[in-house]
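Peer 1: Pasting run.pdb below, which is PDB, C-alpha atoms, pLDDT in the B column.
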```pdb
ATOM      1  CA  SER A 225       0.000   0.000   0.000  1.00 79.00           C
ATOM      2  CA  ARG A 226       3.015   2.320   0.314  1.00 85.00           C
ATOM      3  CA  THR A 227       4.036   1.832  -3.315  1.00 90.00           C
ATOM      4  CA  ARG A 228       3.810   5.206  -5.066  1.00 94.00           C
ATOM      5  CA  THR A 229       5.092   4.440  -8.590  1.00 96.00           C
ATOM      6  CA  PHE A 230       3.404   1.941 -10.890  1.00 95.00           C
ATOM      7  CA  ASP A 231       5.468   1.449 -14.049  1.00 96.00           C
ATOM      8  CA  PHE A 232       3.809  -0.900 -16.531  1.00 95.00           C
ATOM      9  CA  ARG A 233       5.640   0.264 -19.662  1.00 94.00           C
ATOM     10  CA  GLU A 234       7.090  -3.190 -20.362  1.00 94.00           C
ATOM     11  CA  CYS A 235       3.921  -5.092 -19.451  1.00 93.00           C
ATOM     12  CA  ALA A 236       2.348  -5.840 -22.811  1.00 88.00           C
ATOM     13  CA  ASP A 237      -0.632  -7.730 -21.390  1.00 90.00           C
ATOM     14  CA  ILE A 238      -1.892  -5.029 -19.029  1.00 91.00           C
ATOM     15  CA  THR A 239      -5.461  -4.115 -19.964  1.00 93.00           C
ATOM     16  CA  ASP A 240      -8.305  -1.998 -18.644  1.00 96.00           C
ATOM     17  CA  SER A 241      -9.148  -4.801 -16.232  1.00 95.00           C
ATOM     18  CA  ALA A 242      -5.933  -4.235 -14.286  1.00 93.00           C
ATOM     19  CA  LEU A 243      -6.536  -0.490 -14.011  1.00 95.00           C
ATOM     20  CA  ILE A 244     -10.118  -1.047 -12.887  1.00 94.00           C
ATOM     21  CA  LEU A 245      -8.973  -3.552 -10.248  1.00 92.00           C
ATOM     22  CA  MET A 246      -6.443  -1.026  -8.971  1.00 91.00           C
ATOM     23  CA  ALA A 247      -9.127   1.644  -8.912  1.00 91.00           C
ATOM     24  CA  SER A 248     -11.390  -0.611  -6.838  1.00 88.00           C
ATOM     25  CA  ALA A 249      -8.535  -1.117  -4.331  1.00 77.00           C
ATOM     26  CA  ARG A 250      -9.233   2.441  -3.136  1.00 61.00           C
ATOM     27  CA  THR A 251     -12.188   1.010  -1.217  1.00 63.00           C
ATOM     28  CA  LEU A 252     -10.041  -1.412   0.809  1.00 62.00           C
ATOM     29  CA  PRO A 253      -9.124  -0.722   4.466  1.00 66.00           C
ATOM     30  CA  ALA A 254      -6.595   2.095   4.858  1.00 62.00           C
ATOM     31  CA  SER A 255      -3.744  -0.321   5.541  1.00 60.00           C
ATOM     32  CA  ALA A 256      -4.228  -2.006   2.164  1.00 65.00           C
ATOM     33  CA  ALA A 257      -5.561   0.821  -0.004  1.00 78.00           C
ATOM     34  CA  LEU A 258      -3.417   2.097  -2.869  1.00 86.00           C
ATOM     35  CA  ASN A 259      -2.282   5.697  -3.107  1.00 89.00           C
ATOM     36  CA  PRO A 260      -0.233   6.027  -6.313  1.00 94.00           C
ATOM     37  CA  PHE A 261       1.526   9.232  -7.309  1.00 97.00           C
ATOM     38  CA  VAL A 262       2.969   7.954 -10.615  1.00 98.00           C
ATOM     39  CA  LEU A 263       1.428   5.869 -13.421  1.00 97.00           C
ATOM     40  CA  TYR A 264       3.424   4.823 -16.484  1.00 97.00           C
ATOM     41  CA  LEU A 265       1.832   2.838 -19.323  1.00 96.00           C
ATOM     42  CA  ARG A 266       2.944   1.954 -22.832  1.00 95.00           C
ATOM     43  CA  ASN A 267       0.190  -0.218 -24.168  1.00 92.00           C
ATOM     44  CA  PRO A 268      -2.162  -0.216 -27.178  1.00 93.00           C
ATOM     45  CA  ASN A 269      -4.665  -2.410 -25.278  1.00 93.00           C
ATOM     46  CA  VAL A 270      -5.628   0.195 -22.690  1.00 96.00           C
ATOM     47  CA  THR A 271      -8.699   2.314 -23.458  1.00 97.00           C
ATOM     48  CA  ASP A 272     -10.525   5.306 -22.004  1.00 98.00           C
ATOM     49  CA  ASN A 273     -12.539   2.998 -19.765  1.00 97.00           C
ATOM     50  CA  GLY A 274      -9.551   1.917 -17.678  1.00 97.00           C
ATOM     51  CA  VAL A 275      -7.723   5.237 -17.673  1.00 98.00           C
ATOM     52  CA  ILE A 276     -10.752   7.303 -16.680  1.00 98.00           C
ATOM     53  CA  GLN A 277     -11.686   5.040 -13.772  1.00 96.00           C
ATOM     54  CA  PHE A 278      -8.095   5.036 -12.541  1.00 96.00           C
ATOM     55  CA  VAL A 279      -7.507   8.797 -12.600  1.00 97.00           C
ATOM     56  CA  GLN A 280     -10.889   9.538 -11.060  1.00 96.00           C
ATOM     57  CA  ARG A 281     -10.035   7.227  -8.149  1.00 95.00           C
ATOM     58  CA  TYR A 282      -6.558   8.693  -7.629  1.00 95.00           C
ATOM     59  CA  PRO A 283      -6.670  12.497  -7.847  1.00 95.00           C
ATOM     60  CA  ALA A 284      -3.299  12.774  -6.053  1.00 95.00           C
ATOM     61  CA  LEU A 285      -1.445  11.534  -9.157  1.00 97.00           C
ATOM     62  CA  ARG A 286       1.581  13.718  -9.920  1.00 98.00           C
ATOM     63  CA  LYS A 287       2.998  12.054 -13.046  1.00 98.00           C
ATOM     64  CA  ILE A 288       1.153  10.227 -15.836  1.00 98.00           C
ATOM     65  CA  ARG A 289       2.804   8.759 -18.917  1.00 98.00           C
ATOM     66  CA  LEU A 290       0.486   7.092 -21.435  1.00 97.00           C
ATOM     67  CA  GLN A 291       2.974   6.414 -24.216  1.00 96.00           C
ATOM     68  CA  ASP A 292       1.729   4.661 -27.372  1.00 96.00           C
ATOM     69  CA  CYS A 293      -1.700   4.114 -25.843  1.00 96.00           C
ATOM     70  CA  SER A 294      -3.258   4.418 -29.259  1.00 95.00           C
ATOM     71  CA  GLN A 295      -6.813   3.585 -28.165  1.00 97.00           C
ATOM     72  CA  ILE A 296      -7.243   6.379 -25.659  1.00 97.00           C
ATOM     73  CA  THR A 297      -9.000   9.537 -26.794  1.00 98.00           C
ATOM     74  CA  ASP A 298      -9.631  13.069 -25.594  1.00 98.00           C
ATOM     75  CA  GLU A 299     -12.028  11.651 -22.997  1.00 98.00           C
ATOM     76  CA  SER A 300      -9.077  10.342 -20.972  1.00 98.00           C
ATOM     77  CA  VAL A 301      -7.285  13.686 -21.142  1.00 98.00           C
ATOM     78  CA  LEU A 302     -10.425  15.537 -20.086  1.00 98.00           C
ATOM     79  CA  ALA A 303     -10.743  13.205 -17.095  1.00 98.00           C
ATOM     80  CA  ILE A 304      -7.107  13.846 -16.160  1.00 98.00           C
ATOM     81  CA  GLY A 305      -7.656  17.597 -16.356  1.00 98.00           C
ATOM     82  CA  ALA A 306     -10.801  17.391 -14.237  1.00 98.00           C
ATOM     83  CA  SER A 307      -9.449  14.974 -11.622  1.00 98.00           C
ATOM     84  CA  CYS A 308      -5.680  15.426 -11.157  1.00 98.00           C
ATOM     85  CA  ALA A 309      -5.233  18.980  -9.892  1.00 98.00           C
ATOM     86  CA  ARG A 310      -1.709  18.280  -8.563  1.00 98.00           C
ATOM     87  CA  LEU A 311      -0.343  16.851 -11.817  1.00 98.00           C
ATOM     88  CA  ILE A 312       3.175  18.018 -12.716  1.00 98.00           C
ATOM     89  CA  GLU A 313       3.966  15.757 -15.691  1.00 98.00           C
ATOM     90  CA  LEU A 314       1.819  14.388 -18.528  1.00 98.00           C
ATOM     91  CA  ASP A 315       3.227  12.443 -21.468  1.00 98.00           C
ATOM     92  CA  LEU A 316       0.850  11.465 -24.276  1.00 98.00           C
ATOM     93  CA  ALA A 317       3.516  10.481 -26.823  1.00 98.00           C
ATOM     94  CA  GLY A 318       2.110   8.217 -29.498  1.00 97.00           C
ATOM     95  CA  CYS A 319      -1.508   8.656 -28.402  1.00 98.00           C
ATOM     96  CA  LEU A 320      -2.682   9.112 -31.952  1.00 97.00           C
ATOM     97  CA  GLN A 321      -6.277  10.101 -31.186  1.00 98.00           C
ATOM     98  CA  ILE A 322      -5.516  13.044 -28.915  1.00 98.00           C
ATOM     99  CA  THR A 323      -6.664  16.361 -30.373  1.00 98.00           C
ATOM    100  CA  ASP A 324      -7.074  20.016 -29.407  1.00 98.00           C
ATOM    101  CA  ARG A 325     -10.245  19.221 -27.457  1.00 98.00           C
ATOM    102  CA  GLY A 326      -8.363  17.104 -24.933  1.00 98.00           C
ATOM    103  CA  ILE A 327      -5.511  19.584 -24.473  1.00 98.00           C
ATOM    104  CA  ASP A 328      -7.989  22.400 -23.875  1.00 98.00           C
ATOM    105  CA  GLY A 329      -9.295  20.358 -20.947  1.00 98.00           C
ATOM    106  CA  LEU A 330      -5.963  20.795 -19.140  1.00 98.00           C
ATOM    107  CA  LYS A 331      -6.059  24.603 -19.017  1.00 98.00           C
ATOM    108  CA  GLN A 332      -7.157  24.802 -15.391  1.00 98.00           C
ATOM    109  CA  LEU A 333      -4.202  22.784 -14.048  1.00 98.00           C
ATOM    110  CA  THR A 334      -1.792  25.001 -12.122  1.00 98.00           C
ATOM    111  CA  GLN A 335       1.286  22.823 -11.495  1.00 98.00           C
ATOM    112  CA  LEU A 336       1.926  21.128 -14.846  1.00 98.00           C
ATOM    113  CA  ARG A 337       5.634  21.503 -15.627  1.00 98.00           C
ATOM    114  CA  SER A 338       6.123  18.965 -18.414  1.00 98.00           C
ATOM    115  CA  ILE A 339       3.882  17.882 -21.284  1.00 98.00           C
ATOM    116  CA  GLY A 340       4.656  15.435 -24.102  1.00 98.00           C
ATOM    117  CA  LEU A 341       2.549  15.546 -27.255  1.00 98.00           C
ATOM    118  CA  THR A 342       4.659  13.568 -29.727  1.00 98.00           C
ATOM    119  CA  LYS A 343       2.646  12.208 -32.680  1.00 97.00           C
ATOM    120  CA  THR A 344      -0.678  13.533 -31.419  1.00 98.00           C
ATOM    121  CA  GLN A 345      -3.178  15.261 -33.706  1.00 97.00           C
ATOM    122  CA  ILE A 346      -2.877  18.699 -32.137  1.00 98.00           C
ATOM    123  CA  THR A 347      -2.872  21.973 -34.068  1.00 98.00           C
ATOM    124  CA  ASP A 348      -2.074  25.578 -33.198  1.00 98.00           C
ATOM    125  CA  GLU A 349      -5.264  25.591 -31.133  1.00 98.00           C
ATOM    126  CA  SER A 350      -3.571  23.379 -28.534  1.00 98.00           C
ATOM    127  CA  LEU A 351      -0.507  25.623 -28.394  1.00 98.00           C
ATOM    128  CA  THR A 352      -2.804  28.586 -27.833  1.00 98.00           C
ATOM    129  CA  SER A 353      -4.616  26.720 -25.040  1.00 98.00           C
ATOM    130  CA  ILE A 354      -1.309  25.945 -23.355  1.00 98.00           C
ATOM    131  CA  GLY A 355      -0.210  29.558 -23.755  1.00 98.00           C
ATOM    132  CA  GLN A 356      -3.414  30.687 -22.027  1.00 98.00           C
ATOM    133  CA  SER A 357      -3.431  27.989 -19.351  1.00 98.00           C
ATOM    134  CA  ALA A 358      -3.097  28.368 -15.594  1.00 98.00           C
ATOM    135  CA  PHE A 359       0.225  26.479 -15.772  1.00 98.00           C
ATOM    136  CA  ARG A 360       1.830  28.577 -18.508  1.00 98.00           C
ATOM    137  CA  HIS A 361       4.287  30.260 -16.130  1.00 97.00           C
ATOM    138  CA  VAL A 362       5.519  26.999 -14.549  1.00 98.00           C
ATOM    139  CA  LEU A 363       5.756  24.930 -17.750  1.00 97.00           C
ATOM    140  CA  ASN A 364       9.421  24.181 -18.435  1.00 96.00           C
ATOM    141  CA  GLU A 365       9.293  21.249 -20.862  1.00 97.00           C
ATOM    142  CA  ILE A 366       7.265  20.478 -23.972  1.00 97.00           C
ATOM    143  CA  ASN A 367       7.725  17.832 -26.623  1.00 97.00           C
ATOM    144  CA  LEU A 368       6.059  18.466 -29.984  1.00 97.00           C
ATOM    145  CA  LYS A 369       7.933  15.947 -32.123  1.00 96.00           C
ATOM    146  CA  MET A 370       6.021  14.815 -35.204  1.00 96.00           C
ATOM    147  CA  CYS A 371       3.108  17.162 -34.540  1.00 97.00           C
ATOM    148  CA  THR A 372       2.637  17.781 -38.237  1.00 96.00           C
ATOM    149  CA  GLU A 373      -0.192  20.322 -38.025  1.00 97.00           C
ATOM    150  CA  ILE A 374       1.386  22.970 -35.799  1.00 97.00           C
ATOM    151  CA  THR A 375       2.673  26.137 -37.477  1.00 96.00           C
ATOM    152  CA  ASP A 376       4.858  29.130 -36.668  1.00 96.00           C
ATOM    153  CA  ASP A 377       1.846  31.121 -35.458  1.00 97.00           C
ATOM    154  CA  GLY A 378       0.954  28.663 -32.706  1.00 98.00           C
ATOM    155  CA  PHE A 379       4.544  27.948 -31.768  1.00 96.00           C
ATOM    156  CA  ILE A 380       5.460  31.612 -31.419  1.00 95.00           C
ATOM    157  CA  PHE A 381       2.341  32.244 -29.310  1.00 97.00           C
ATOM    158  CA  LEU A 382       3.462  29.397 -27.048  1.00 97.00           C
ATOM    159  CA  LEU A 383       6.968  30.839 -26.724  1.00 94.00           C
ATOM    160  CA  HIS A 384       5.714  34.325 -25.912  1.00 94.00           C
ATOM    161  CA  ASN A 385       3.377  33.064 -23.189  1.00 96.00           C
ATOM    162  CA  CYS A 386       5.493  30.339 -21.569  1.00 95.00           C
ATOM    163  CA  PRO A 387       8.664  32.169 -20.525  1.00 92.00           C
ATOM    164  CA  GLY A 388       9.862  29.332 -18.274  1.00 93.00           C
ATOM    165  CA  LEU A 389      10.381  26.826 -21.095  1.00 94.00           C
ATOM    166  CA  LYS A 390      13.833  25.246 -20.892  1.00 94.00           C
ATOM    167  CA  ASN A 391      13.388  22.012 -22.872  1.00 95.00           C
ATOM    168  CA  ILE A 392      11.729  22.006 -26.288  1.00 95.00           C
ATOM    169  CA  GLY A 393      11.491  19.142 -28.757  1.00 94.00           C
ATOM    170  CA  SER A 394      10.107  20.014 -32.179  1.00 93.00           C
ATOM    171  CA  THR A 395      11.677  17.662 -34.714  1.00 94.00           C
ATOM    172  CA  HIS A 396       9.739  16.539 -37.788  1.00 94.00           C
ATOM    173  CA  CYS A 397       7.232  19.367 -37.581  1.00 95.00           C
ATOM    174  CA  PRO A 398       7.154  20.233 -41.286  1.00 93.00           C
ATOM    175  CA  ARG A 399       5.153  23.439 -40.929  1.00 94.00           C
ATOM    176  CA  LEU A 400       7.607  25.087 -38.531  1.00 93.00           C
ATOM    177  CA  THR A 401      10.131  27.353 -40.224  1.00 91.00           C
ATOM    178  CA  ALA A 402      13.124  29.496 -39.345  1.00 88.00           C
ATOM    179  CA  ARG A 403      10.675  32.174 -38.166  1.00 91.00           C
ATOM    180  CA  SER A 404       9.907  30.065 -35.098  1.00 89.00           C
ATOM    181  CA  ARG A 405      13.544  29.297 -34.443  1.00 86.00           C
ATOM    182  CA  GLN A 406      14.523  32.957 -34.656  1.00 86.00           C
ATOM    183  CA  THR A 407      11.963  33.811 -31.981  1.00 87.00           C
ATOM    184  CA  ILE A 408      14.017  31.899 -29.402  1.00 82.00           C
ATOM    185  CA  THR A 409      16.807  34.105 -28.096  1.00 79.00           C
ATOM    186  CA  PRO A 410      18.808  34.331 -24.849  1.00 77.00           C
ATOM    187  CA  ASN A 411      16.651  37.324 -23.987  1.00 76.00           C
ATOM    188  CA  THR A 412      13.429  35.316 -24.115  1.00 76.00           C
ATOM    189  CA  HIS A 413      14.295  31.798 -22.930  1.00 77.00           C
ATOM    190  CA  GLN A 414      17.156  30.254 -20.960  1.00 83.00           C
ATOM    191  CA  LEU A 415      17.091  26.909 -22.749  1.00 85.00           C
ATOM    192  CA  SER A 416      18.794  23.773 -21.488  1.00 87.00           C
ATOM    193  CA  TYR A 417      17.724  21.619 -24.441  1.00 85.00           C
ATOM    194  CA  LEU A 418      16.412  22.382 -27.925  1.00 86.00           C
ATOM    195  CA  GLU A 419      15.832  19.720 -30.552  1.00 87.00           C
ATOM    196  CA  TRP A 420      14.934  21.035 -33.989  1.00 85.00           C
ATOM    197  CA  THR A 421      14.755  19.750 -37.539  1.00 80.00           C
ATOM    198  CA  ILE A 422      16.846  22.006 -39.771  1.00 64.00           C
ATOM    199  CA  PRO A 423      14.840  23.050 -42.882  1.00 63.00           C
ATOM    200  CA  VAL A 424      16.462  22.005 -46.163  1.00 57.00           C
TER     201      VAL A 424
END
```
Output the structure of this file as structure tokens.
Peer 2:
Amino acid sequence: SRTRTFDFRECADITDSALILMASARTLPASAALNPFVLYLRNPNVTDNGVIQFVQRYPALRKIRLQDCSQITDESVLAIGASCARLIELDLAGCLQITDRGIDGLKQLTQLRSIGLTKTQITDESLTSIGQSAFRHVLNEINLKMCTEITDDGFIFLLHNCPGLKNIGSTHCPRLTARSRQTITPNTHQLSYLEWTIPV
């Protein structure tokens, strides 16, 4: 019951059933009840059903990584935004069905410092939502690799409104140009890490 991190990234057979069983463990006596702070999954078998029940049961979650969970949709992200007020890290890399609607549902979070959106279906609308969010001043890491629909307009809005960004990944974003890159200067951001695809 004192285990705080549940890392199932190498567990290919984990399904919704496991998450629902863990969610039901919240009703056990205090000595046996779970109280996770961290959930890591990399699994195409998990769906909104399992994720939503889990995050609603455990609002104290601080870090959630749902990498390559290709069946989850915006409904899971909306549930995370509504339930996990203390969240500091969210990684949705490879969650191919995530769109602007889900990301907009995170705007009210205040402590989110890291967000991974690799290979999601987001557009500039998501970057605008993040730039207007309650966590915009504490966000220090964002990964936008292979987000093929984002453009300079959204990226520059994000940069202007998230001054604490130190780690940015934006490789294989074909609609970003040198205009975005030139917006990042030592006067605007004190970067520790920048990964960029050089236009040819």
Peer 1: Find the residues around Thr421 of chain A up to 12 Å (only C-alpha atoms counted), leave out those fewer than 3 positions away in its own chain, and share them as number ranges by chain.
Peer 2: A: 368-370, 392-402, 404-405, 418, 424
Peer 1: Applied to the shown file, which residues does the PyMOL selection byres ((chain A and resi 355-367) around 6) return, written as JSON, numbers by chain?
Peer 2: {"A": [331, 332, 333, 334, 335, 336, 337, 338, 339, 340, 341, 352, 353, 354, 368, 369, 382, 385, 386, 388, 389, 390, 391, 392, 393]}
Peer 1: Could you tell me, as an MDAnalysis selection string, exactly which residues end up selected when the PyMOL selection byres ((chain A and resi 296) around 10) is applied to this structure?
Peer 2: chainID A and resid 268:276 290 292:295 297:301 316 319:322
Peer 1: Please dump the current selection as a compact mmCIF listing (two decimals), in the coordinates of the input; keep C-alpha atoms.
Peer 2:
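This went into again-v5.txt:
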```
# COMPACT_ATOMS: atom_id res chain seq x y z
CA PRO A 268 -2.16 -0.22 -27.18
CA ASN A 269 -4.66 -2.41 -25.28
CA VAL A 270 -5.63 0.20 -22.69
CA THR A 271 -8.70 2.31 -23.46
CA ASP A 272 -10.52 5.31 -22.00
CA ASN A 273 -12.54 3.00 -19.76
CA GLY A 274 -9.55 1.92 -17.68
CA VAL A 275 -7.72 5.24 -17.67
CA ILE A 276 -10.75 7.30 -16.68
CA LEU A 290 0.49 7.09 -21.44
CA ASP A 292 1.73 4.66 -27.37
CA CYS A 293 -1.70 4.11 -25.84
CA SER A 294 -3.26 4.42 -29.26
CA GLN A 295 -6.81 3.58 -28.16
CA THR A 297 -9.00 9.54 -26.79
CA ASP A 298 -9.63 13.07 -25.59
CA GLU A 299 -12.03 11.65 -23.00
CA SER A 300 -9.08 10.34 -20.97
CA VAL A 301 -7.28 13.69 -21.14
CA LEU A 316 0.85 11.46 -24.28
CA CYS A 319 -1.51 8.66 -28.40
CA LEU A 320 -2.68 9.11 -31.95
CA GLN A 321 -6.28 10.10 -31.19
CA ILE A 322 -5.52 13.04 -28.92
```
Peer 1: Measuring atom to atom with all atoms listed in the file, identify which of A:Thr412, A:Thr344, A:Thr229, A:Gln406 is nearest to Val262 of chain A.
Peer 2: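 The closest residue to Val262 of chain A is A:Thr229.
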Peer 1: Taking the file as shown, find all residues satisfying the PyMOL selection byres ((chain A and resi 244) around 10) and write them as a list in words.
Peer 2: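 That expression, the PyMOL selection byres ((chain A and resi 244) around 10), corresponds here to Thr239, Asp240, Ser241, Ala242, Leu243, Leu245, Met246, Ala247, Ser248, Ala249, Asn273, Gly274, Val275, Ile276, Gln277, Phe278 and Arg281 of chain A.
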Peer 1: Could you take the residues named above and write them with C-alpha atoms, as a short mmCIF file (atom, residue, chain, number, x, y, z; two decimals), in the frame of the given file?
Peer 2:
```cif
data_model
loop_
_atom_site.label_atom_id
_atom_site.label_comp_id
_atom_site.auth_asym_id
_atom_site.auth_seq_id
_atom_site.Cartn_x
_atom_site.Cartn_y
_atom_site.Cartn_z
CA THR A 239 -5.46 -4.12 -19.96
CA ASP A 240 -8.30 -2.00 -18.64
CA SER A 241 -9.15 -4.80 -16.23
CA ALA A 242 -5.93 -4.24 -14.29
CA LEU A 243 -6.54 -0.49 -14.01
CA LEU A 245 -8.97 -3.55 -10.25
CA MET A 246 -6.44 -1.03 -8.97
CA ALA A 247 -9.13 1.64 -8.91
CA SER A 248 -11.39 -0.61 -6.84
CA ALA A 249 -8.54 -1.12 -4.33
CA ASN A 273 -12.54 3.00 -19.76
CA GLY A 274 -9.55 1.92 -17.68
CA VAL A 275 -7.72 5.24 -17.67
CA ILE A 276 -10.75 7.30 -16.68
CA GLN A 277 -11.69 5.04 -13.77
CA PHE A 278 -8.10 5.04 -12.54
CA ARG A 281 -10.04 7.23 -8.15
#
```
Peer 1: Which value, in Å to one decimal, gives the distance between atom CA of Gln414 of chain A and atom CA of Asp377 of chain A?
Peer 2: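 Interatomic distance here is 21.1 Å.
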Peer 1: What's the 8 Å shell around Gln291 of chain A, counting all atoms listed in the file, without same-chain residues fewer than 5 positions away, as a PDB file with C-alpha atoms, in the frame of the given file?
Peer 2:
```
ATOM      1  CA  TYR A 264       3.424   4.823 -16.484  1.00 97.00           C
ATOM      2  CA  LEU A 265       1.832   2.838 -19.323  1.00 96.00           C
ATOM      3  CA  ARG A 266       2.944   1.954 -22.832  1.00 95.00           C
ATOM      4  CA  ASN A 267       0.190  -0.218 -24.168  1.00 92.00           C
ATOM      5  CA  ASP A 315       3.227  12.443 -21.468  1.00 98.00           C
ATOM      6  CA  LEU A 316       0.850  11.465 -24.276  1.00 98.00           C
ATOM      7  CA  ALA A 317       3.516  10.481 -26.823  1.00 98.00           C
ATOM      8  CA  GLY A 318       2.110   8.217 -29.498  1.00 97.00           C
ATOM      9  CA  CYS A 319      -1.508   8.656 -28.402  1.00 98.00           C
TER      10      CYS A 319
END
```
Peer 1: Taking into account all atoms listed in the file, which residue in the set A:Phe379, A:Ile238, A:Ile374, A:Asp328 is nearest to Lys343 of chain A?
Peer 2: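 With all atoms listed in the file as the atom set, the closest residue is A:Ile374.
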Peer 1: Which residues come within 7 Å of Leu302 of chain A, counting only C-alpha atoms, excluding same-chain residues fewer than 5 positions away, as a short mmCIF file (atom, residue, chain, number, x, y, z; two decimals) with C-alpha atoms, in the coordinates of the input?
Peer 2:
```cif
data_model
loop_
_atom_site.label_atom_id
_atom_site.label_comp_id
_atom_site.auth_asym_id
_atom_site.auth_seq_id
_atom_site.Cartn_x
_atom_site.Cartn_y
_atom_site.Cartn_z
CA GLY A 326 -8.36 17.10 -24.93
CA GLY A 329 -9.30 20.36 -20.95
CA LEU A 330 -5.96 20.80 -19.14
#
```
Peer 1: One number please: atom CA of Thr342 of chain A to atom CA of Arg233 of chain A, in Å, one decimal.
Peer 2: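 According to the coordinates, atom CA of Thr342 of chain A and atom CA of Arg233 of chain A are separated by 16.7 Å.
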